[in-house]
Every structure is written in structure tokens, then in C-alpha cells.
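A short worksheet on the structure shown next.
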There are 2 protein chains.
Amino acid sequence: MKYQVVFQPSGRCGEVEAGTTLLAAAQGLGVHVEASCGGAGVCGKCVVTVKTARLDELDMVSSMAHMSPLTDEERRCLADEDIERGARLACQARVFGDVAVTVPEAPQSDAHVILESGEAHEVVPDPVVRRYELRLAPATLDDARDDMTRLIDGLHGAGVDGDVTIDTTVLRELPSRLRRAGYHVFVTMRRGLDESAGVEVIRVEPFSDEGNRGNMRGGVGIAVDVGTTTIAAYLVELESGRLIGTASRMNSEIAIGGDVLARISYAIGNEHGRERLQKLVIGDINDLVRELVSPAQMDVTDVDEMVLVYNTAMEHLTLGLDPSFVGKSPFVPAVSAPLDLKARDLGIAINPAAYVHSLPIEAGFVGADNVAVLIAEEPYKSEKTRLIIDIGTNGEIDLGSRTRLLSTSCATGPALEGAAIKHGMRAARGAIERVKIDAKTYEPSYKVIGNDKWQSIKTGEPVEENDVKPRGICGSGIIDVMAALYDAGVIAKSGRIKSALASVTTRVRETGGMWEYVVAWASETETGRDIVVTQADVRAVQLAKAALYVGARYLMEQYGVSEVDEVILAGAFGSYIDKKSAMTIGMFPACDIERVRAVGNAAGEGARMALISLAKRREAARVAREVEFVETAVEPDFQERFMDALAFGER
Amino acid sequence: MKYQVVFQPSGRCGEVEAGTTLLAAAQGLGVHVEASCGGAGVCGKCVVTVKTARLDELDMVSSMAHMSPLTDEERRCLADEDIERGARLACQARVFGDVAVTVPEAPQSDAHVILESGEAHEVVPDPVVRRYELRLAPATLDDARDDMTRLIDGLHGAGVDGDVTIDTTVLRELPSRLRRAGYHVFVTMRRGLDESAGVEVIRVEPFSDEGNRGNMRGGVGIAVDVGTTTIAAYLVELESGRLIGTASRMNSEIAIGGDVLARISYAIGNEHGRERLQKLVIGDINDLVRELVSPAQMDVTDVDEMVLVYNTAMEHLTLGLDPSFVGKSPFVPAVSAPLDLKARDLGIAINPAAYVHSLPIEAGFVGADNVAVLIAEEPYKSEKTRLIIDIGTNGEIDLGSRTRLLSTSCATGPALEGAAIKHGMRAARGAIERVKIDAKTYEPSYKVIGNDKWQSIKTGEPVEENDVKPRGICGSGIIDVMAALYDAGVIAKSGRIKSALASVTTRVRETGGMWEYVVAWASETETGRDIVVTQADVRAVQLAKAALYVGARYLMEQYGVSEVDEVILAGAFGSYIDKKSAMTIGMFPACDIERVRAVGNAAGEGARMALISLAKRREAARVAREVEFVETAVEPDFQERFMDALAFGER
């Protein structure tokens with residue numbers, strides 16, 4: 001006598017002889033079940049859940065009727081309430097009828113998100129979106145259940161707990177989908193933050209052995225960090241957490257205003273201003289989605305989940321929330337809770353049944369982007385005090401450890417992202433990303449994105465034909481060039497470009513009434529114009545770095561430390577900033593350079609983690625509530641300390 | 001010492017002296033609380049729920065701290081679990097702090113839906129949409145909760161239980177809405193079928209003493225009966241159940257196909273065919289909404305809820321569900337459960353946050369329209385056997401009582417709705433709705449919608465100037481004219497028009513090879529053409545009425561009765577059909593005419609009931625599961641019995 005056993009969520013399925021243990025059945029079908037003790041019934045690690053016993057899902061009979069009785073080992077290893085829910089030890093329970101078995105996934109998995117700095121953060125994937133294989137009985141005159149009921153009965157039969165609903169767009173196509181697939185389908189389901197709220201079917205597609213959508217076992221999702229200046233997006237395989245691709249672009253709202261206050265004014269002061277701004281940023285997101293999926297041979301509608309992080313103002317402008325009151329006292333946002341919105345309600349062109357999860361805002365309305373930084377860097381799990389500086393158009397600074405967590409934000413402006421800088425650009429091919437300056441000759445060498453080597457081209461020298469020619473300077477290059485100019489003595493501690501050097505080097509000159517330093521001559525650039533750093537550029541960087549420095553100092557005082565154990569520099573740069581350069585210009589309180597770590601876009605990393613892990617979403621909701629906000633701009637000595645901090649040099 | 005008391009859901013609010021009973025407070029504020037025993041603490045009818053005690057909703061303190069302790073009377077009258085939920089007797093509980101009190105609504109209400117037949121059905125309004133008054137504390141630097149949190153805290157403070165979510169479209173406008181209203185607002189909330197699922201905010205608007213939207217206390221909703229041929233819509237005040245207006249129109253899908261099979265073929269066979277059909281019917285619904293709200297001085301976005309009923313095919317075509325398999329064996333629909341869909345997802349232009357509730361389909365896929373008929377006529381509550389014939393393009397027949405309920409459907413065609421009839425029209429101004437024929441002279445008299453009097457215009461006679469001239473014949477007129485022609489001997493039992501009469505009266509004549517009877521001469525009609533009944537018209541009516549008769553007979557056999565106690569004739573006619581005429585042509589098994597009752601659009605009435613009552617929606621879900629479907633067309637003697645039933649005359 002043979003019986004059918006199906007293992008979920010893998011969907012593997014086969015026949016076994018009566019009396020076979022579930023462990024043997026699993027091994028025979030290539031399903032991994034942990035069993036440290038080798039099947040002796042001692043370790044209790046091979047717990048599985050036997051959910052139902054009839055695969056034709058016409059009748060849900062007790063699972064126990066199709067299984068051997070509980071052994072003493074099982075009674076010892078399993079809690080009563082787990083037994084009630086159908087828990088068995090796979091090495092003990094024997095098959096005496098058709099059964100559906102759910103194998104827990106967590107212990108099988110050791111996936112991690114690799115931060116761009118190369119540091120791996122362990123995140124066990126636990127995505128809100130999961131795909132199940134289902135083999136349904138075809139409709140007949142005798143079994144003419146409607147298609148939705150047939151699907152839901154099948155899901156319950158396959159071990160899905162709780163209420164199941166179906167998105168309208170999926171329901172619309174369900175009849176043809178089921179029949180064209182011969183009733184053998186993959187069903188993609190989505191849970192919300194609230195576990196008791198049930199699951200929703202967001203996709204039904206024909207089963208295929210290789211999976212589909214570029215051989216993904218489960219679905220894919222996209223995490224987006226919507227910065228004021230730069231938008232970065234990550235395409236991720238949900239079940240494994242594997243990063244498939246990255247893309248970024250300038251935020252098109254820059255055309256309306258470089259900073260969020262200008263955009264908010266536009267939204268309030270113009271008819272349909274808010275809608276127009278939303279359309280711009282949603283358009284950017286849709287462009288990034290297209291850019292990400294097409295090299296992976298996927299369609300935009302293959303994307304089953306999205307996570308968005310942003311500062312509070314950009315959250316309003318992206319979700320179409322009235323931003324009128326975010327920018328004025330008492331600075332109240334429309335919402336601070338995490339949100340699950342239908343992609344189609346936002347005009348985001350992915351699977352129309354998919355959800356967009358918006359991470360929560362912190363107390364004091366520090367944005368979801370900083371919550372993402374926190375769940376990526378986890379200072380609240382650290383024994384050491386950790387200072388995190390997230391450099392963006394709005395800088396966010398966190399200081400904390402296991403015992404306490406403080407947060408503040410400051411207006412840095414877009415200079416460190418390469419915007420509002422004369423020859424600034426985002427980190428893309430042709431951007432100067434590293435700069436050194438010879439303290440004797442004042443001649444620079446630089447590294448351009450797209451070239452592996454450093455280049456040092458003397459005045460009048462020709463450039464090699466095959467090299468990528470520079471087009472501008474990106475954020476990391478700007479910080480480098482400031483530190484280099486200061487170290488080489490081209491600019492004074494005050495930030496002033498030393499005009500006297502004009503007699504020593506042609507690199508220093510006055511143009512249109514403003515002093516500047518020439519990083520690259522017209523002959524060597526892509527644009528055919530000199531690439532320069534102007535006095536105004538230096539001032540913009542000074543304002544930005546001073547704001548970050550003062551913010552960090554206030555947090556340290558509030559926390560009660562004179563120095564911190566670790567400094568983390570994060571930001572949506574293409575490449576990491578040089579931590580030495582950052583310390584040289586005085587961006588943060590100086591310390592042993594070994595304690596400083598430059599990471600990539602930590603907000604983006606946190607968004608990716610939230611994309612693949614429900615636990616991380618819950619952690620985000622919790623930390624958003626618990627972090628203490630420190631308001632720095634209202635301190636009486638703020639202005640004075642800010643002016644002090646403008647000077648270059650370690651401090 | 002004075003304290004503030006707010007009564008929900010009315011939102012009435014005022015100050016009372018410490019020690020005032022809640023009953024006295026309610027009376028003082030004009031809030032009705034039932035108290036049969038006059039406040040002696042005996043009857044237990046004045047139960048209210050004291051939910052929270054602080055109106056500034058910054059802090060939820062125990063309600064008990066602001067009230068007198070429980071009296072012995074209260075301990076006797078109230079169950080422990082009710083006490084735990086904050087239940088008090090209004091005559092006993094005294095105020096010693098700010099409190100919010102919820103008064104149960106059901107006992108206060110005695111609303112009913114009046115069927116078009118004049119019969120009142122008691123339905124206690126219990127709408128899924130409710131409006132609450134809220135007075136929120138303005139945002140300050142010290143209380144800078146985000147707007148959504150402020151609103152939700154306020155709702156909980158006002159006695160709203162469970163999870164509260166906010167529709168995105170409401171959240172988008174929330175900041176300005178709150179501030180423009182000075183934080184004194186009406187909040188409209190919506191529950192689903194599942195009570196544990198929480199409530200959703202679907203509207204926030206400034207509080208106004210008169211209410212708004214045409215002085216409605218609560219919101220308004222629209223029930224729509226989407227027939228294959230006719231669409232009827234009802235505008236209803238949700239809290240009272242009051243019918244504000246009615247409108248109907250032909251289903252525009254008729255342009256694609258007169259019957260649902262033709263439309264399904266079109267949907268399957270043409271690119272975007274399904275979308276095009278959906279657009280037509282949604283366009284009709286949107287037109288009806290506009291037609292209903294504008295005389296009531298409302299905007300379409302004032303409509304907060306919609307209920308839809310239809311046959312199974314029209315459900316697919318209205319919701320955009322793939323209809324490919326509804327029309328062929330085993331006739332499986334995409335869904336049979338009740339559905340709650342966002343109006344915006346269907347393109348229905350009402351409050352974009354509003355839901356559309358679609359009533360469930362029965363076993364055997366008898367449509368939601370018949371479920372609506374059942375909850376309107378409630379045969380399952382009757383001691384007597386009740387035969388319900390719902391006349392539409394698809395006829396539905398129910399037979400049942402308290403002990404058992406059977407249902408079947410049959411294809412009648414649109415003849416009885418005035419379609420597919422040479423001069424048929426829907427029941428509108430100018431339609432001939434009643435017809436008699438003199439058995440001696442063969443001259444007709446008729447009543448036209450828009451005229452109060454019967455008209456009898458002899459051949460060649462002029463018509464009075466002020467009378468509404470006939471334009472065609474509607475359903476009730478068609479049944480009348482058939483019965484009259486048969487009674488007068490113009491048509492034989494077989495349905496054949498007696499050509500021999502052409503020599504006796506000019507009313508009977510042959511035109512283009514087909515015999516016809518002239519009901520109105522060109523000189524007396526609006527169109528300037530003769531209005532006639534043709535042999536083909538007679539045949540169409542014969543097919544329809546035979547289908548209904550045979551269906552009823554099968555149900556009676558299945559039920560085991562040779563006659564029924566009551567017959568109810570329902571249909572989406574403008575006026576009711578004449579029950580005698582219907583029996584004369586043999587539409588249903590003959591019986592004592594006193595036992596027959598003609599009602600209006602019972603499906604529309606059921607839809608209206610579901611619109612104002614959550615209990616009725618649950619009743620619909622239950623009856624849809626429980627009704628037994630009888631398949632008649634597969635019976636071996638169906639064809640023979642159908643042929644037999646074609647003949648005219650009581651049978």
C-alpha cells in the first residue's frame with residue numbers, strides 16, 4: 001500500500017510505502033529536515049507539522065488518522081499545544097495515509113545580506129511573500145466549487161493557516177490561469193505585520209519545475225531608498241535574500257527644488273502641485289524597476305513586494321500625503337506608523353496585487369530612512385557605543401548601544417551627494433571619486449569611476465585614448481579633494497582658497513570674481529571644460545560637515561560620553577567615502593581611525609533587510625517607537641558651536 | 001465640579017454636575033436611552049458602555065475611576081463579561097470625571113424598508129458605515145503626535161473598539177482636513193463582514209451641527225440591481241434606511257449582445273472585450289449614481305457604500321472577472337463568496353475610499369440577485385410554502401419554508417422586460433403598462449405611464465392634446481396584452497394570432513408576412529407609428545412563461561407538494577405585473593388568486609436591506625450556502641414538459 005506525501009513550502013511530492021517515517025520520506029524526495037541525533041528521537045530538531053491528510057482537499061479529515069500514533073519520544077520532545085497543531089517528529093511519525101507536511105524553514109537557511117562595505121549582516125530570510133505549489137482537482141459536475149473556493153480549500157489543505165483572501169486583480173484572471181495550468185500552480189501569498197490578519201493571494205501562475213521568472217524559487221522584490229537627491233533601488237530574491245541588481249538615479253523632483261522645503265512650497269502653492277511631484281518620484285521608481293528587471297530577464301509585473309524608505313518630507317511627496325504641515329512648527333507628519341499600501345494605489349508598476357511597505361517614522365519625525373539605517377547597523381544590540389553618521393541631503397546621526405539610543409537630524413544640503421557643487425555629479429561612470437594632491441607641486445592625481453587606475457596628468461599632458469575621461473566629481477571625490485586641498489595647504493583652516501598660490505601654480509586661479517582650484521584640464525575631460533572646485537563649493541562642504549559634527553557632539557553630551565567606541569559613516573554614495581579624508585575635514589569628532597568604518601548606503605541595506613524579513617519589519621516598528629529624538633537646532637549655543645565647527649582639520 | 005460627557009454614536013456632548021446619573025445626563029442632552037422602569041434599576045434596559053474617561057485622549061485611564069462604583073442592581077442585571085467591557089446601567093452609574101458613553105442603537109430604531117408593493121419589511125438599520133463626531137486636541141510642540149495617531153487615539157477614546165486603519169486617499173488629505181475643521185470632525189468608519197477585522201476610516205470631514213450632505217445624519221449608500229437588460233439603483237440614507245431616490249436604465253451591454261452568452265462570447269473572442277464590457281456597465285452605474293445624487297444636492301463622492309446584486313454572468317462582467325467558464329459545463333464561476341471591493345478598483349465614481357459589497361452566489365450558481373430576493377422575502381422564516389418567481393432575462397424560482405429551501409433558474413429571455421419585443425420598452429414615461437381588450441369589438445384600452453387615466457381610443461379618433469402619448473409597451477403591459485388577447489380570443493391557446501379576425505377588425509392584420517395586433521394607431525402615438533404586438537412577440541412571451549412554469553413545477557415536485565400556500569411575483573418592472581394576467585397566460589401553477597402577490601423588484605429590495613444592515617449581509621451569506629439548487633434543464637422529460645407549457649391559459 002502506497003500513500004502520497006507532499007512537503008511544503010517546497011511543494012515536493014511523491015508516494016511512499018505505508019509505515020515509512022516522514023524523515024525517510026523527506027530524504028527520499030530531497031527535502032532537507034534537520035535531524036542531529038540521526039533519527040533516535042532525542043534531539044527534537046526534526047519537528048514538522050502534519051496539516052491535513054487528504055490531497056484531493058475535498059474533505060479535511062484529522063491528520064492523525066493517516067499517521068502512526070504519537071510515540072513516547074514525541075510526547076517528551078513536543079509541547080502539548082504544538083501537538084494540537086499537528087506537530088510531529090519526522091523521525092518518529094510514520095505514514096499511513098495521504099499527508100501534507102510543512103517543514104519549518106528557518107533552521108535550513110543561513111542567508112545574509114552583504115553590505116556594500118563587504119561586511120555580512122546575518123538576516124534569516126522570512127519574507128512576507130511566499131510561494132506554494134498546489135495541485136488542485138479539476139472542476140467537474142460533481143465537484144463544481146467556484147475557483148476561489150477551490151484555491152482556498154487547496155491552500156488550507158497544503159498547510160496554510162488562517163484566513164485567505166484574494167486580490168481582485170488575481171481573482172479576475174483566476175479561471176483561465178487555473179485551467180491553462182492544468183490546475184497545477186504556484187500560488188504567491190502575502191502576510192502583513194499583524195500575524196493574525198491572515199494571508200492574501202497576490203499571484204497564481206502555472207507550476208514549472210525550474211520555477212520561473214529567471215529561475216527564482218520564490219518571488220523577487222525591490223527595496224528603494226528615496227533620497228532627496230539620489231534614489232537607489234535594489235532587486236532582491238526574496239527567499240534567499242540574494243541581491244540581483246542595483247540601480248540609482250537623481251530624484252527628478254530636483255527640477256522643482258533642490259531641497260524639500262522648496263518642494264513642499266511648490267506642492268502647497270500650485271494647483272495639482274502635490275500630484276505633479278508625486279508623479280515625478282513615482283516615475284523615477286518605475287524607471288528604476290524597469291532598469292533592474294530587464295537584465296534579469298524579468299517583467300516589472302514579476303516584482304511581488306517593495307519596501308520604501310525616505311526622509312519624512314520625501315515620504316509625504318512619494319505617497320501623495322499632504323505635506324503642508326511637515327515643514328512648519330510643530331512639524332507634524334500625516335503618519336508615522338509603518339504602512340502597507342497596494343502598489344497600484346501609488347501608481348507603482350509592479351505586480352498590481354503587490355504591496356509597498358513603508359517603514360515607520362521615528363519620534364521627532366526622523367524619517368524611515370534612518371530607521372532603515374538602525375536596523376542595518378543595530379546599535380541597540382551593541383555593547384559598545386556606536387556613532388552612526390548617515391550623510392545625505394538631510395544628515396541623520398544616531399548614537400547608542402544596548403542600553404540607550406539617541407537620534408538627531410540636521411540639514412546638510414546636497415553638497416556631499418555631488419549636487420549644488422559646480423562640477424558635482426552623482427557617482428556614475430566618469431565621476432572623479434578619489435583625489436590626492438601633491439603638497440609640493442599642487443598637482444592632483446585622481447581616480448575616475450570606470451578606470452581601475454589612478455591618473456596623474458600634468459598641465460598640458462595628453463590623456464590616454466582608452467581611459468574614461470572625467471565628467472565631474474561625486475560625493476566621495478568632493479570630500480577627498482577638500483581634505484587634499486587642506487592637507488596640501490591650498491585652502492586655509494578657515495576654508496579660504498589661498499590666492500597667493502596663483503603665482504606658484506596655474507591650478508589656483510580667479511574666474512569671474514571667485515577663486516577656484518582646477519582638478520582636471522579641459523583637454524583631459526569628457527566635457528571639454530576644466531573641472532574645478534570653487535570657493536563656493538568649499539563653503540557648501542563646510543556647512544554640511546559642520547552640521548554633522550555639531551549634531552554628533554550634542555548626541556555625545558546627551559548620552560554622557562566624551563568619545564565613542566565606534567564611528568560608522570554611511571550614505572548613498574556610489575563608493576564609500578575615505579574615512580581619513582572625512583576626519584581630516586572634521587566631519588565627526590576625531591578618534592583612532594581604526595574605530596571608524598565607512599559603509600555604503602546603510603538605509604538601502606536596511607530596506608533590503610526589511611524586504612526579506614518580517615522580523616526586521618517588526619524590529620523597525622519597535623526601534624522607531626523606542627529611539628529618543630534629540631532636537632539640536634533649538635539649543636542656545638547651537639549657532640556658536642556651528643560657526644566654530646566650520647573650520648577644517650581634525651577636531 | 002462639572003465633568004464632560006460625550007454620547008456616541010450621536011456625538012452629543014455637554015457638561016454635567018458631579019454625581020449626575022448617565023440617564024439624567026442623556027436626557028439633558030436629548031439622547032434617547034431606553035428605561036422602562038423609570039430608573040429603578042430593575043428593567044436592565046438602560047445598559048450603556050462607558051469606554052474611556054479622558055476626552056483629551058492623551059491618556060486612557062480606567063473608566064471606572066471616573067464613575068461611581070457598581071451598584072447591587074447593576075451586578076444583578078449585568079453579566080460579568082459585560083461589566084468587564086465597561087457596561088453600566090445608565091440609571092445607576094454616576095459621573096465623577098470626564099466620560100465617553102456608547103448608547104446601543106438597535107433598540108432606538110424601528111426603521112423599515114418599504115417594498116414597492118407597499119408592504120413594509122422590518123429591517124433594523126445596522127449599517128457597516130457609521131459616522132462619529134470627534135473633537136481632537138490640536139497639535140502642539142508638546143503633543144506632536146502624527147495626524148493618523150491623533151485620529152486613531154481619538155476614536156479609541158470615543159469608544160471605537162478594535163484595530164483602526166485609514167484608507168490611503170483619506171490619509172492623503174488628513175492634515176488639511178483636521179486643521180481646517182479646527183480638529184472638530186465627523187469621521188466615517190466602515191466594518192467588514194468579519195467583526196474581528198477592525199474598522200477602516202473612509203472619510204474625515206468638518207463637523208457641522210446640521211450634519212451635511214443634504215442634512216443626512218449619517219452617510220448615504222446606493223444599492224444596484226444589475227440586470228441583464230435593466231439596471232435599477234436606489235439611493236438610501238444609511239442610518240435610517242430611508243429611500244431618497246430611485247433610478248433605472250437599460251444595460252448598455254445590450255449593444256454588444258442581448259443575452260449573457262453573446263456577451264461572454266464577445267468578452268472571450270475580442271481583445272480587451274472583457275474590459276470594454278465592464279466599462280459599459282460601470283459607466284451605466286456611474287450614470288445612475290449621478291442621476292440619483294444630483295436632485296438630493298449631493299456629490300457622487302458623498303456616497304459611502306454600495307451594494308451590487310446581479311446574475312452570475314453579470315457579476316463576472318461587472319467585476320471584470322474572466323467569464324470564459326461560466327457559460328460552459330461544469331459552469332464554474334470565479335467566485336461565489338460575498339466580496340468587499342474598493343470602489344476605485346472597479347472604476348465606480350463614489351467616495352474613492354468606499355467599498356462595494358457584492359452579495360454571494362448560491363450553490364448551482366444562481367446569482368446574487370436571487371440571494372437578494374431571498375433576504376427580502378425571507379421564505380426560510382415562513383411556516384407556509386412560498387413560491388417566488390423572479391422575472392428577469394434570467395428567471396429565478398425559489399420554493400421553500402422554514403424547513404427547506406429550493407432554488408432553480410431558467411433562461412426566460414428579455415421579453416418580459418420589454419426587450420426583444422417589437423415595440424417593447426422599459427417602464428418609463430410613455431410606456432403602455434396596462435392593457436384590456438373588449439372581447440366583442442377587439443378594441444383595446446390602455447394606461448400609459450405618465451397618465452393617471454385609462455385611454456380607449458377608437459380607430460381614427462383623435463387623442464387629447466394634454467395626454468402623454470404612448471411610445472411602446474413595457475413588461476407589465478406585455479403580459480397584460482397577451483392575457484387580454486387570449487381572453488378576447490384574438491390568439492388561440494397555441495399562441496397563434498387568429499388571421500380570420502382580419503375581416504372583422506382592422507386591429508388584426510398581416511405586415512411583411514407576419515400577423516400582428518395593433519394596440520395604438522400612429523395618430524395617437526408619440527412616434528407617429530402604429531404600436532403593435534406581433535406573432536414573434538407572442539412566441540417570445542410563450543417561451544419565457546413556459547420556462548418559468550416548468551421550473552416552478554419541478555421545484556414543487558422536488559419539495560413534494562402539489563400546490564403552494566403563497567405565490568410571489570417579483571421583477572425589475574417599473575410597475576407590478578397584473579397577477580391575474582400572469583396566471584391567465586400560465587406563467588405559474590394556477591391557484592386561488594388571493595394567494596398570489598405581485599411585488600416590485602425584490603432583488604433591489606434585498607440589495608437595499610443589505611446596504612443598511614450588516615445582519616442582512618450575514619443572513620445572505622448563510623442562505624447562499626444553505627439553499628438547495630435544483631437543476632431542471634437536465635431532467636429527461638424537460639423538453640416535453642416545456643413544449644406542453646407553451647400553450648396559453650391557466651394550468
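Residues in the C-alpha cells are numbered from 1 in each chain, the chains being A, B, ... in the order shown, and ligands are numbered from 1 in the order shown.
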task: Up to 6 Å from chain B, what residues of chain A turn up? Count only C-alpha atoms and give them as a PyMOL selection string.
output: chain A and resi 140-141+144+146-148+172-173+175+321-322+330+332-335
Dump N, CA and C atoms for the selected residues as a tab-separated table (two decimals), in the first residue's frame?
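Contents of selection.tsv, freshly written:
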chain	number	residue	atom	x	y	z
A	140	THR	N	-15.46	19.53	-11.92
A	140	THR	CA	-16.34	18.60	-12.64
A	140	THR	C	-17.76	18.91	-12.24
A	141	LEU	N	-18.72	18.27	-12.87
A	141	LEU	CA	-20.12	18.50	-12.48
A	141	LEU	C	-20.35	18.08	-11.03
A	144	ALA	N	-18.16	21.09	-8.40
A	144	ALA	CA	-18.21	22.34	-9.15
A	144	ALA	C	-18.03	23.52	-8.21
A	146	ASP	N	-16.64	26.91	-6.87
A	146	ASP	CA	-16.12	28.05	-7.62
A	146	ASP	C	-14.61	28.07	-7.49
A	147	ASP	N	-13.93	28.77	-8.40
A	147	ASP	CA	-12.47	28.72	-8.46
A	147	ASP	C	-11.81	29.26	-7.20
A	148	MET	N	-12.38	30.31	-6.63
A	148	MET	CA	-11.78	30.89	-5.43
A	148	MET	C	-11.85	29.90	-4.27
A	172	ARG	N	-9.65	38.12	-10.98
A	172	ARG	CA	-10.14	38.36	-12.36
A	172	ARG	C	-9.59	37.34	-13.34
A	173	GLU	N	-8.32	36.97	-13.17
A	173	GLU	CA	-7.67	36.08	-14.15
A	173	GLU	C	-7.65	34.63	-13.69
A	175	PRO	N	-9.81	32.07	-13.34
A	175	PRO	CA	-10.38	30.94	-14.09
A	175	PRO	C	-9.46	30.42	-15.20
A	321	LEU	N	0.93	62.30	0.31
A	321	LEU	CA	0.32	62.83	1.54
A	321	LEU	C	0.47	64.35	1.56
A	322	ASP	N	-0.53	65.02	2.04
A	322	ASP	CA	-0.50	66.48	2.16
A	322	ASP	C	0.72	66.90	3.01
A	330	PRO	N	4.21	72.71	14.68
A	330	PRO	CA	5.08	71.76	15.40
A	330	PRO	C	5.56	70.57	14.56
A	332	VAL	N	4.36	68.31	12.30
A	332	VAL	CA	3.61	67.06	12.47
A	332	VAL	C	3.39	66.39	11.12
A	333	PRO	N	3.81	65.14	10.98
A	333	PRO	CA	3.55	64.43	9.71
A	333	PRO	C	2.14	63.83	9.70
A	334	ALA	N	1.69	63.44	8.52
A	334	ALA	CA	0.36	62.82	8.42
A	334	ALA	C	0.34	61.47	9.13
A	335	VAL	N	1.46	60.78	9.09
A	335	VAL	CA	1.50	59.42	9.61
A	335	VAL	C	2.93	59.11	10.04
- prompt: Using only C-alpha atoms, which residues sit within 6 Å of region 592-598 of chain B once same-chain residues fewer than 3 positions away are excluded, as an MDAnalysis selection string?
  reply: chainID B and resid 566:569
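Residue nearest Leu374 (chain A) within the list A:Leu238, A:Ala428, A:Ala603, A:Ala223: A:Ala603 [criterion: smallest interatomic distance, only C-alpha atoms].
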Arg471 (chain A) surroundings by only C-alpha atoms, 6 Å radius, close-in-sequence under 4 positions cut, as a compact mmCIF listing (two decimals) with all heavy atoms, in the first residue's frame:
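Writing the result to around.txt gives the following:
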# COMPACT_ATOMS: atom_id res chain seq x y z
N GLY A 430 32.61 58.06 -15.09
CA GLY A 430 33.15 59.38 -15.44
C GLY A 430 33.26 60.31 -14.25
O GLY A 430 33.78 61.41 -14.37
N ALA A 431 32.79 59.87 -13.09
CA ALA A 431 32.89 60.73 -11.91
C ALA A 431 34.25 60.55 -11.25
O ALA A 431 34.73 59.42 -11.09
CB ALA A 431 31.78 60.39 -10.92
N GLU A 526 35.84 64.83 -20.41
CA GLU A 526 34.81 64.39 -21.36
C GLU A 526 34.05 65.60 -21.92
O GLU A 526 33.66 65.64 -23.09
CB GLU A 526 33.83 63.47 -20.62
CG GLU A 526 32.66 62.95 -21.41
CD GLU A 526 33.09 61.94 -22.46
OE1 GLU A 526 34.11 61.25 -22.25
OE2 GLU A 526 32.42 61.89 -23.51
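As for CA of Val463 (chain A) and CA of Ser523 (chain A), they are spaced 7.7 Å apart.
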message: Please identify the helix (DSSP H, G or I) residues within region 39-288 of chain B (assignment by DSSP from backbone atoms) and present them as a ChimeraX atom specification.
response: /B:63-66,72-77,80-84,106-108,147-157,168-180,195-197,252-255,260-269,273-288
Can those selected residues be exported to a file as a compact mmCIF listing (two decimals), in the first residue's frame so that it contains C-alpha atoms?
# COMPACT_ATOMS: atom_id res chain seq x y z
CA SER B 63 -13.23 54.30 33.02
CA MET B 64 -14.13 53.16 36.50
CA ALA B 65 -12.04 55.88 38.12
CA HIS B 66 -14.40 58.49 36.68
CA ASP B 72 -26.08 45.86 43.53
CA GLU B 73 -28.72 46.47 40.84
CA GLU B 74 -26.02 46.65 38.23
CA ARG B 75 -24.35 43.46 39.48
CA ARG B 76 -27.72 41.72 39.21
CA CYS B 77 -28.64 42.99 35.74
CA ASP B 80 -19.57 39.72 34.34
CA GLU B 81 -18.07 39.87 30.85
CA ASP B 82 -20.22 42.89 30.02
CA ILE B 83 -19.08 44.61 33.19
CA GLU B 84 -15.52 43.94 32.14
CA ALA B 106 -30.72 48.86 17.91
CA PRO B 107 -33.50 49.38 20.47
CA GLN B 108 -33.90 53.01 19.47
CA ASP B 147 -2.22 63.09 12.49
CA MET B 148 -3.10 59.44 11.98
CA THR B 149 -2.15 58.54 15.56
CA ARG B 150 -4.09 61.55 16.85
CA LEU B 151 -7.19 60.44 14.95
CA ILE B 152 -6.95 56.81 15.99
CA ASP B 153 -6.32 57.72 19.65
CA GLY B 154 -9.39 59.96 19.43
CA LEU B 155 -11.54 57.18 18.01
CA HIS B 156 -10.48 54.78 20.71
CA GLY B 157 -11.18 57.48 23.25
CA THR B 168 -4.80 55.96 1.71
CA THR B 169 -7.00 58.52 -0.03
CA VAL B 170 -8.25 59.75 3.36
CA LEU B 171 -4.77 59.77 4.87
CA ARG B 172 -3.52 61.94 1.98
CA GLU B 173 -5.92 64.76 2.85
CA LEU B 174 -5.98 64.25 6.61
CA PRO B 175 -3.56 67.06 7.63
CA SER B 176 -5.54 69.89 5.99
CA ARG B 177 -8.90 68.38 6.84
CA LEU B 178 -8.12 68.28 10.55
CA ARG B 179 -6.72 71.80 10.71
CA ARG B 180 -9.37 73.45 8.54
CA GLU B 195 -16.39 41.69 13.13
CA SER B 196 -12.92 40.92 14.45
CA ALA B 197 -11.27 42.51 11.42
CA SER B 252 -25.62 49.40 -22.23
CA GLU B 253 -24.14 45.95 -22.81
CA ILE B 254 -27.28 45.27 -24.85
CA ALA B 255 -25.40 46.97 -27.68
CA VAL B 260 -25.30 36.99 -21.42
CA LEU B 261 -23.97 34.19 -23.62
CA ALA B 262 -23.48 36.60 -26.51
CA ARG B 263 -21.66 38.96 -24.17
CA ILE B 264 -19.46 36.22 -22.78
CA SER B 265 -18.54 35.22 -26.34
CA TYR B 266 -17.67 38.82 -27.05
CA ALA B 267 -15.57 39.04 -23.89
CA ILE B 268 -13.63 35.92 -24.82
CA GLY B 269 -13.34 36.50 -28.54
CA GLY B 273 -13.54 42.59 -24.91
CA ARG B 274 -13.91 41.93 -21.22
CA GLU B 275 -12.60 45.38 -20.29
CA ARG B 276 -14.92 47.01 -22.82
CA LEU B 277 -17.99 45.25 -21.43
CA GLN B 278 -17.01 46.15 -17.89
CA LYS B 279 -16.57 49.77 -18.92
CA LEU B 280 -20.09 49.83 -20.35
CA VAL B 281 -21.82 48.54 -17.24
CA ILE B 282 -19.65 50.56 -14.86
CA GLY B 283 -20.49 53.59 -16.99
CA ASP B 284 -24.18 52.81 -16.52
CA ILE B 285 -23.72 52.53 -12.75
CA ASN B 286 -21.83 55.82 -12.65
CA ASP B 287 -24.59 57.49 -14.69
CA LEU B 288 -27.21 56.19 -12.25
task: List every residue of region 201-420 of chain A that DSSP, applied to the backbone, labels as strand (DSSP E), and write the result as an NGL selection string.
output: :A and (201-206 or 220-226 or 230-237 or 243-250 or 303-310 or 339-342 or 355-358 or 386-391 or 394-400 or 405-411)
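Using only C-alpha atoms, the smallest distance between any of A:Val47, A:Gly472, A:Arg386, A:Val16 and Glu34 (chain A) comes from A:Val47.
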- line: Using only C-alpha atoms, the shortest atom-to-atom distance to Asp565 (chain B) among B:Ala590, B:Val508, B:Ala376, B:Ile473 belongs to B:Ala590
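Interatomic distance, CA of Asn466 (chain A) against CA of Arg429 (chain A): 13.9 Å.
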